[in-house]
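Here the structure comes first, spelled out in structure tokens, and everything after it is commentary.
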Amino acid sequence: MIFWRRRKDKGAGKKKISRLNSCKELTIPSHFLCPISLDLMKDPVTLCTGISYDRENIEKWMEARNSTCPVTNQVLRNYDLIPNHTIRKMIQDWCVENKNYGIERVPTPRIPINSSQVSEICSRLMVETQRGNEKKCRELVGRIKILAKESERNKKCIVECGTGSVFAACFEKVSVEICADLLKDLLCGLIWMFPIGEEGKTKLGSAISLRCMAWFLKGEDLSARQNAVIVMKELLSYDQSYANDLMEIQDLAESLFQMVKVPICPSTTKASLMLIYSMVLDENSNKVVAKFVNMGLVSLVLEILVDAEKDIAEKALAVLDCFCNFQEGKEKAYDNGLTMPLIAKKIMRVSQMATECSISVLWKLCKSGHEISVIEALELGVFQKLLVVLQVGCAEKTKEKATELLKLMNIYKDRVDCFDVSTGFKYLKRSY
């Protein structure tokens, strides 16, 4: 039996408390509850077996590729969901009758959209885009956004109908100087429409579209900047080749640096770091690396690592690891007093990915012949941490780098007085 318990209202007058009492129990009729979640149904629908469920719960059941009725276990002859208006009306009446218990009336659910309705809106959007009718285009984009907010079912239907590809095509055709507001609306919709298909990816990855998104990054509209960097990140997550095109865009490096330096929110910081990582991942990205280094990105990344949350710390360490592939990046890391303490601290403290990136950074800094870095790592207890990493287990490349670091540290062990590493190295030789 399910009960709703009304809490005592401390701010109410004595009459209200005495009339309603401080604690009463209200029984919900069992036929108002969804058999799956045991919660009050908001949008009851009936299967071909005659059993009613809340639409959201039974749709999740079907999406999990279940072909039977959850209650009767009968094989479903069809997957039609028929709205149960009778039960819904009874639930609404019951809520109104018991509003004194703090129960809100269940709103009448909207009819879910279908693919033909979405296709019609998309077709009209393409036509109005070709005509250059910004006002009408914004109305149609706004209509799609409203439909998506009504339910997850609507959002899924919109994505499956290829709306993202249509938005990408419109984004490429519209001029930023004339229809900036429309482009902002399209970006706002695109952030939740991925994957957008091959055609959409091609349109969004064109030189025109990429420059347009980069233009928004330089603006003052925080929402547009946020959406632009997230869309660019999503695009690169599906096709890394667009990183080369991004490197050719003037002032993009400066815009991304500012996005990291003056963060809007954690999601934009992560997206910006991922874009930077993609741009400097290639060995031929010397020019863009030099730009970022001269701006002070290495120092900025180290400052972020001081108190960054897990996801941002992982992205920041990956970026730092890439910069250490280049001489300019390594020199900046050497010169910063935060580098070794922070990297040593992140080993086995954040995640496996962060540990692997930290070991990679240490390996690149120490193998270049800077004995000061090796000695500092010994003094910070990196030797013992690396032994633990090898004992726990790690990726093969990380294992090779950790072993090489330990051998390198053994050369300088006599110059460190804070602890004896020889015993640990003997253990290393026995185990590996």
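Within each chain, counting starts at residue 1; across the structure tokens, chains are named A, B, ... in the order shown, with ligands numbered 1 upward in that order.
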Practice item. Using DSSP on the backbone coordinates, identify all residues within stretch 18-74 of chain A classified as helix (DSSP H, G or I); present the result as a VMD selection string. Key: chain A and resid 18 to 20 30 to 32 55 to 63
**Study point:** Selection: 9 Å around A:Lys173, only C-alpha atoms, excl. self and same-chain fewer than 4 positions, as a ChimeraX atom specification
**Key:** /A:129-130,168-169,208-209
Restricting it to all heavy atoms, dump the selection as a compact mmCIF listing (two decimals), in the first residue's frame.
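As a result, again_23.txt now contains:
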```txt
# COMPACT_ATOMS: atom_id res chain seq x y z
N THR A 129 14.58 29.18 -45.42
CA THR A 129 16.01 29.53 -45.39
C THR A 129 16.47 29.97 -46.77
O THR A 129 17.21 30.95 -46.91
CB THR A 129 16.85 28.32 -44.92
OG1 THR A 129 16.43 27.94 -43.60
CG2 THR A 129 18.33 28.68 -44.88
N GLN A 130 16.05 29.25 -47.79
CA GLN A 130 16.41 29.62 -49.16
C GLN A 130 15.82 30.97 -49.56
O GLN A 130 16.41 31.73 -50.32
CB GLN A 130 15.93 28.53 -50.13
CG GLN A 130 16.70 27.22 -49.98
CD GLN A 130 16.11 26.10 -50.81
OE1 GLN A 130 15.05 26.25 -51.41
NE2 GLN A 130 16.81 24.97 -50.87
N ALA A 168 22.05 21.83 -39.71
CA ALA A 168 23.41 22.04 -40.20
C ALA A 168 23.41 22.65 -41.59
O ALA A 168 24.21 23.55 -41.89
CB ALA A 168 24.17 20.71 -40.21
N ALA A 169 22.50 22.18 -42.45
CA ALA A 169 22.39 22.73 -43.81
C ALA A 169 21.98 24.20 -43.78
O ALA A 169 22.52 25.03 -44.52
CB ALA A 169 21.40 21.91 -44.62
N ILE A 208 32.84 27.51 -44.17
CA ILE A 208 31.90 28.60 -43.84
C ILE A 208 31.33 28.40 -42.44
O ILE A 208 31.30 29.33 -41.62
CB ILE A 208 30.77 28.66 -44.88
CG1 ILE A 208 31.33 29.02 -46.26
CG2 ILE A 208 29.70 29.66 -44.45
CD1 ILE A 208 30.30 28.96 -47.37
N SER A 209 30.87 27.18 -42.15
CA SER A 209 30.25 26.90 -40.84
C SER A 209 31.26 27.01 -39.71
O SER A 209 30.96 27.57 -38.65
CB SER A 209 29.62 25.50 -40.85
OG SER A 209 28.57 25.41 -41.78
```
Got a sec: who's within 7 Å of stretch 196-198 of chain A, counting only C-alpha atoms, leaving out chain neighbours fewer than 4 positions off, as a compact mmCIF listing (two decimals) with N, CA and C atoms, in the first residue's frame?
```
# COMPACT_ATOMS: atom_id res chain seq x y z
N GLY A 162 16.29 13.26 -38.49
CA GLY A 162 17.37 13.95 -39.19
C GLY A 162 17.29 15.46 -39.12
N GLY A 164 18.84 17.39 -37.15
CA GLY A 164 20.18 17.94 -36.99
C GLY A 164 20.84 18.21 -38.33
N SER A 165 20.64 17.33 -39.28
CA SER A 165 21.20 17.53 -40.62
C SER A 165 20.58 18.75 -41.30
N THR A 202 29.09 17.01 -42.87
CA THR A 202 29.78 17.70 -43.96
C THR A 202 29.40 19.18 -43.99
```
How close does stretch 56-146 of chain A get to stretch 31-41 of chain A? List, as a tab-separated table, each residue of stretch 56-146 of chain A within 8 Å, its nearest atom pair and the distance in Å to one decimal, counting only C-alpha atoms.
```
residue	atom	partner	partner_atom	distance
A:Asn57	CA	A:Ile36	CA	6.7
A:Ile58	CA	A:Ile36	CA	7.7
A:Pro70	CA	A:Ile36	CA	7.5
A:Val71	CA	A:Pro35	CA	7.2
A:Ile87	CA	A:Phe32	CA	7.2
A:Arg88	CA	A:Met41	CA	7.8
A:Ile91	CA	A:Phe32	CA	6.4
```
Could the residues in this selection be saved with N, CA, C and O atoms as a CSV table (one decimal), in the first residue's frame?
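What ended up in result-v7.csv:
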```csv
chain,number,residue,atom,x,y,z
A,57,ASN,N,7.4,5.0,-18.7
A,57,ASN,CA,8.0,3.8,-18.2
A,57,ASN,C,7.8,2.7,-19.2
A,57,ASN,O,8.7,1.9,-19.4
A,58,ILE,N,6.7,2.6,-19.9
A,58,ILE,CA,6.5,1.5,-20.8
A,58,ILE,C,7.3,1.7,-22.1
A,58,ILE,O,7.7,0.7,-22.7
A,70,PRO,N,4.8,-6.4,-19.1
A,70,PRO,CA,5.5,-6.6,-17.8
A,70,PRO,C,4.7,-7.3,-16.8
A,70,PRO,O,5.2,-8.0,-15.9
A,71,VAL,N,3.3,-7.1,-16.8
A,71,VAL,CA,2.5,-7.7,-15.8
A,71,VAL,C,2.0,-9.1,-16.1
A,71,VAL,O,2.2,-10.1,-15.4
A,87,ILE,N,-8.8,6.7,-17.1
A,87,ILE,CA,-8.0,6.7,-15.9
A,87,ILE,C,-7.3,8.0,-15.6
A,87,ILE,O,-7.2,8.5,-14.5
A,88,ARG,N,-6.9,8.7,-16.7
A,88,ARG,CA,-6.2,10.0,-16.5
A,88,ARG,C,-7.2,11.0,-15.9
A,88,ARG,O,-6.8,11.7,-15.0
A,91,ILE,N,-7.6,10.2,-12.2
A,91,ILE,CA,-6.4,10.6,-11.5
A,91,ILE,C,-6.4,12.1,-11.3
A,91,ILE,O,-6.2,12.6,-10.2
```
Practice item. Might you pull out every residue within 8 Å of A:Leu305, with only C-alpha atoms counted and same-chain residues fewer than 4 positions away left off, and present them as a VMD selection string? Key: chain A and resid 301 313 316 to 317 342
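What separates atom CA of A:Ile113 from atom CA of A:Val159 is a distance of 12.2 Å.
Counting only C-alpha atoms, A:Leu252 has the following residues at most 9 Å away, ignoring those fewer than 2 positions along the same chain: Arg211, Ala214, Trp215, Leu217, Lys218, Leu246, Met247, Glu248, Ile249, Gln250, Glu254, Ser255, Leu256 and Phe257 of chain A.
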Check your understanding: Any idea what the distance is between atom CA of A:Glu177 and atom CA of A:Met274?
Key ->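 Those two atoms sit 28.3 Å apart.
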Review point. Between atom CA of A:Ser351 and atom CA of A:Thr269, what is the distance, to one decimal in Å?
Key: 18.8 Å
Review point. Contacts of A:Gln92 at 8 Å or less, counting only C-alpha atoms, minus same-chain residues fewer than 5 places along, as a PyMOL selection string?
Key: chain A and resi 105-107
May I have the residues from that selection written out with C-alpha atoms, as an mmCIF file, in the first residue's frame?
```
data_model
loop_
_atom_site.group_PDB
_atom_site.id
_atom_site.type_symbol
_atom_site.label_atom_id
_atom_site.label_comp_id
_atom_site.auth_asym_id
_atom_site.auth_seq_id
_atom_site.Cartn_x
_atom_site.Cartn_y
_atom_site.Cartn_z
ATOM 1 C CA ARG A 105 -3.141 18.149 -10.330
ATOM 2 C CA VAL A 106 -1.560 15.964 -13.024
ATOM 3 C CA PRO A 107 -1.506 18.084 -16.212
#
```
Practice item. Skip A:Ser272 itself and residues of its chain fewer than 3 positions away, then list as a list in words all residues within 8 Å of it, counting only C-alpha atoms. Key: Val229, Ile230, Lys233, Leu256, Met259, Val260, Thr268, Thr269, Leu275 and Ile276 of chain A
